[in-house]
Amino acid sequence: MPVVNITLIAANTLLFLYELSLGPRLEGFVMQAAFVPDRFFSPEYGPGPGAEMASALLSMFLHGGWAHFLGNMLFLWIFGDNVEDRLGHIRYAVFYLAAGYAATFAHALAAPNSTLPSIGASGAISGVLGAYVVLYPTARIVTLMFIGFLSRLVEVPAWMYLIVWFLIQFVSGLASLGVPTDQGGIAWFAHIGGFVAGLLLLFLLGGWRRRVPAAY
């Protein structure tokens with residue numbers, strides 16, 4: 001039973017429902033609670049690095065809308081339980097949070113002067129994807145492929161799907177460099193940092209060495 005993955009999805013859901021309940025107070029809450037790179041790097045602005053470390057943790061469970069929330073939870077539901085199975089419950093919890101922190105600070109280093117809040121589970125989930133591509137490279141993933149005006153569901157190997165996904169993040173991240181930091185958008189370098197952190201953390205935590213029980 002992937003108890004940690006289910007708990008993470010439940011925590012994200014509860015925080016998102018709380019956000020919805022705030023109504024017009026939501027913007028003020030997000031600005032106060034979420035991680036802001038400029039507050040971390042500028043001691044004279046905000047409560048200081050220690051408070052931003054706590055905000056970085058809370059930011060992993062906040063989302064900017066239904067599409068953001070549902071997309072992240074879908075990816076976490078599909079890929080997270082398999083990674084938890086290989087790492088075990090405790091190591092998976094450590095893995096997830098460490099990947100989330102790595103993703104947050106990868107974004108902060110790419111946009112240190114940004115005064116916009118950074119929210120979402122995408123960075124931590126990117127770490128899950130990085131581990132998944134090592135652990136289950138030949139698993140088949142059903143995805144929607146567009147050919148002109150036509151679309152169809154196809155099965156592709158996990159390594160192909162996730163490598164293409166990473167390349168999209170990488171190219172988009174490079175294209176975002178130099179864009180004014182006062183404009184909102186996707187934190188591409190959080191995805192990149194989380195994915196790379198997932199690869200490293202998997203080996204540091206020994207998940208790739210754990211034997212998979214035989215199926216009967």
# chains A, B, ... in the order shown; residues from 1 in each chain; ligands from 1

$ residues_around --residues "Gly64 of chain A" --least-positions-apart "4" --cutoff "10 Å" --atoms "only C-alpha atoms" --output "PyMOL selection string"
chain A and resi 16+19+30+68-69+118-120

$ closest_atom_pairs --of "segment 118-183 of chain A" --to "segment 200-207 of chain A" --cutoff "10 Å" --atoms "only C-alpha atoms" --output "tab-separated table"
residue	atom	partner	partner_atom	distance
A:Gly127	CA	A:Leu201	CA	8.5
A:Val128	CA	A:Leu202	CA	9.2
A:Gly130	CA	A:Leu202	CA	8.5
A:Ala131	CA	A:Leu202	CA	5.9
A:Tyr132	CA	A:Leu202	CA	9.3
A:Val134	CA	A:Leu202	CA	8.7
A:Leu135	CA	A:Gly207	CA	8.4

$ write_last_selection --atoms "C-alpha atoms" --output "tab-separated table (two decimals), in the first residue's frame"
chain	number	residue	atom	x	y	z
A	127	GLY	CA	12.05	14.17	-8.96
A	128	VAL	CA	9.66	11.21	-8.94
A	130	GLY	CA	13.62	11.18	-12.67
A	131	ALA	CA	13.63	8.14	-10.39
A	132	TYR	CA	10.93	6.38	-12.41
A	134	VAL	CA	15.78	4.76	-14.03
A	135	LEU	CA	13.71	2.16	-12.20

$ select_by_dssp --residues "segment 22-216 of chain A" --states "helix (DSSP H, G or I)" --output "PyMOL selection string"
chain A and resi 22-33+37-41+49-59+66-87+89-110+122-135+158-176+188-204+207-209

$ atom_distance --atom1 "atom CA of Gln32 of chain A" --atom2 "atom CA of Leu174 of chain A"
29.0 Å

$ residues_around --residues "Ile163 of chain A" --least-positions-apart "3" --cutoff "12 Å" --atoms "only C-alpha atoms" --output "list in words"
Ser126, Leu129, Gly130, Tyr132, Val133, Val134, Pro137, Val156, Pro157, Ala158, Trp159, Met160, Phe166, Leu167, Ile168, Gln169, Phe170, Ile192, Phe195 and Val196 of chain A

$ decode --residues "segment 106-151 of chain A" --atoms "N, CA and C atoms" --output "short mmCIF file (atom, residue, chain, number, x, y, z; two decimals), in the first residue's frame"
data_model
loop_
_atom_site.label_atom_id
_atom_site.label_comp_id
_atom_site.auth_asym_id
_atom_site.auth_seq_id
_atom_site.Cartn_x
_atom_site.Cartn_y
_atom_site.Cartn_z
N ALA A 106 16.57 25.38 -7.27
CA ALA A 106 17.00 25.48 -8.67
C ALA A 106 16.28 26.65 -9.34
N HIS A 107 14.99 26.77 -9.06
CA HIS A 107 14.23 27.90 -9.58
C HIS A 107 14.75 29.22 -9.00
N ALA A 108 15.06 29.23 -7.70
CA ALA A 108 15.54 30.45 -7.05
C ALA A 108 16.87 30.90 -7.64
N LEU A 109 17.75 29.95 -7.93
CA LEU A 109 19.05 30.31 -8.52
C LEU A 109 18.88 30.83 -9.94
N ALA A 110 17.88 30.32 -10.66
CA ALA A 110 17.64 30.78 -12.03
C ALA A 110 16.98 32.15 -12.06
N ALA A 111 16.23 32.49 -11.00
CA ALA A 111 15.54 33.79 -10.94
C ALA A 111 15.66 34.36 -9.54
N PRO A 112 16.88 34.72 -9.10
CA PRO A 112 17.09 35.14 -7.71
C PRO A 112 16.40 36.44 -7.34
N ASN A 113 16.08 37.28 -8.30
CA ASN A 113 15.44 38.56 -8.02
C ASN A 113 13.93 38.53 -8.16
N SER A 114 13.38 37.37 -8.40
CA SER A 114 11.94 37.28 -8.60
C SER A 114 11.19 37.58 -7.30
N THR A 115 10.18 38.41 -7.41
CA THR A 115 9.33 38.74 -6.25
C THR A 115 8.00 37.99 -6.32
N LEU A 116 7.89 37.05 -7.25
CA LEU A 116 6.66 36.29 -7.40
C LEU A 116 6.72 35.02 -6.55
N PRO A 117 5.61 34.61 -5.96
CA PRO A 117 5.60 33.37 -5.19
C PRO A 117 5.74 32.16 -6.10
N SER A 118 6.48 31.18 -5.64
CA SER A 118 6.67 29.93 -6.38
C SER A 118 5.89 28.84 -5.66
N ILE A 119 4.91 28.26 -6.34
CA ILE A 119 4.06 27.25 -5.70
C ILE A 119 3.89 26.05 -6.61
N GLY A 120 3.52 24.92 -6.00
CA GLY A 120 3.20 23.73 -6.78
C GLY A 120 4.05 22.53 -6.41
N ALA A 121 3.47 21.35 -6.63
CA ALA A 121 4.17 20.09 -6.38
C ALA A 121 5.00 19.64 -7.57
N SER A 122 5.02 20.44 -8.64
CA SER A 122 5.66 20.01 -9.89
C SER A 122 7.13 19.65 -9.70
N GLY A 123 7.86 20.43 -8.89
CA GLY A 123 9.28 20.18 -8.71
C GLY A 123 9.54 18.84 -8.05
N ALA A 124 8.81 18.56 -6.96
CA ALA A 124 8.97 17.28 -6.27
C ALA A 124 8.55 16.13 -7.17
N ILE A 125 7.46 16.31 -7.92
CA ILE A 125 6.99 15.26 -8.82
C ILE A 125 7.98 15.04 -9.96
N SER A 126 8.66 16.10 -10.38
CA SER A 126 9.72 15.94 -11.39
C SER A 126 10.81 15.01 -10.87
N GLY A 127 11.09 15.10 -9.56
CA GLY A 127 12.05 14.17 -8.96
C GLY A 127 11.55 12.74 -9.04
N VAL A 128 10.25 12.55 -8.82
CA VAL A 128 9.66 11.21 -8.94
C VAL A 128 9.83 10.69 -10.37
N LEU A 129 9.65 11.56 -11.35
CA LEU A 129 9.82 11.15 -12.75
C LEU A 129 11.26 10.77 -13.04
N GLY A 130 12.21 11.51 -12.47
CA GLY A 130 13.62 11.18 -12.67
C GLY A 130 13.95 9.80 -12.13
N ALA A 131 13.39 9.47 -10.96
CA ALA A 131 13.63 8.14 -10.39
C ALA A 131 12.92 7.06 -11.22
N TYR A 132 11.72 7.36 -11.67
CA TYR A 132 10.93 6.38 -12.41
C TYR A 132 11.63 5.96 -13.70
N VAL A 133 12.23 6.91 -14.40
CA VAL A 133 12.85 6.58 -15.68
C VAL A 133 14.04 5.65 -15.50
N VAL A 134 14.68 5.69 -14.32
CA VAL A 134 15.78 4.76 -14.03
C VAL A 134 15.25 3.40 -13.60
N LEU A 135 14.22 3.41 -12.77
CA LEU A 135 13.71 2.16 -12.20
C LEU A 135 12.85 1.36 -13.18
N TYR A 136 12.09 2.05 -14.01
CA TYR A 136 11.14 1.37 -14.90
C TYR A 136 11.26 1.90 -16.33
N PRO A 137 12.43 1.83 -16.95
CA PRO A 137 12.61 2.46 -18.27
C PRO A 137 11.75 1.84 -19.37
N THR A 138 11.40 0.57 -19.24
CA THR A 138 10.65 -0.09 -20.31
C THR A 138 9.16 -0.19 -20.01
N ALA A 139 8.71 0.38 -18.90
CA ALA A 139 7.27 0.38 -18.62
C ALA A 139 6.55 1.12 -19.73
N ARG A 140 5.35 0.66 -20.05
CA ARG A 140 4.59 1.28 -21.14
C ARG A 140 3.67 2.36 -20.58
N ILE A 141 3.71 3.53 -21.20
CA ILE A 141 2.89 4.67 -20.77
C ILE A 141 1.94 5.03 -21.89
N VAL A 142 0.66 5.09 -21.58
CA VAL A 142 -0.35 5.48 -22.56
C VAL A 142 -0.41 7.01 -22.61
N THR A 143 -0.22 7.56 -23.79
CA THR A 143 -0.22 9.01 -23.95
C THR A 143 -0.99 9.40 -25.19
N LEU A 144 -1.43 10.63 -25.23
CA LEU A 144 -2.20 11.14 -26.37
C LEU A 144 -1.25 11.79 -27.37
N MET A 145 -1.26 11.30 -28.60
CA MET A 145 -0.37 11.83 -29.63
C MET A 145 -1.21 12.53 -30.70
N PHE A 146 -0.76 13.72 -31.08
CA PHE A 146 -1.45 14.48 -32.12
C PHE A 146 -0.69 14.38 -33.43
N ILE A 147 -1.42 14.04 -34.50
CA ILE A 147 -0.87 13.98 -35.86
C ILE A 147 -1.73 14.89 -36.72
N GLY A 148 -1.25 16.13 -36.92
CA GLY A 148 -2.07 17.10 -37.62
C GLY A 148 -3.31 17.42 -36.80
N PHE A 149 -4.49 17.23 -37.41
CA PHE A 149 -5.74 17.48 -36.71
C PHE A 149 -6.27 16.22 -36.04
N LEU A 150 -5.56 15.11 -36.19
CA LEU A 150 -6.00 13.84 -35.61
C LEU A 150 -5.25 13.57 -34.31
N SER A 151 -5.84 12.78 -33.45
CA SER A 151 -5.19 12.38 -32.21
C SER A 151 -5.52 10.92 -31.93
#
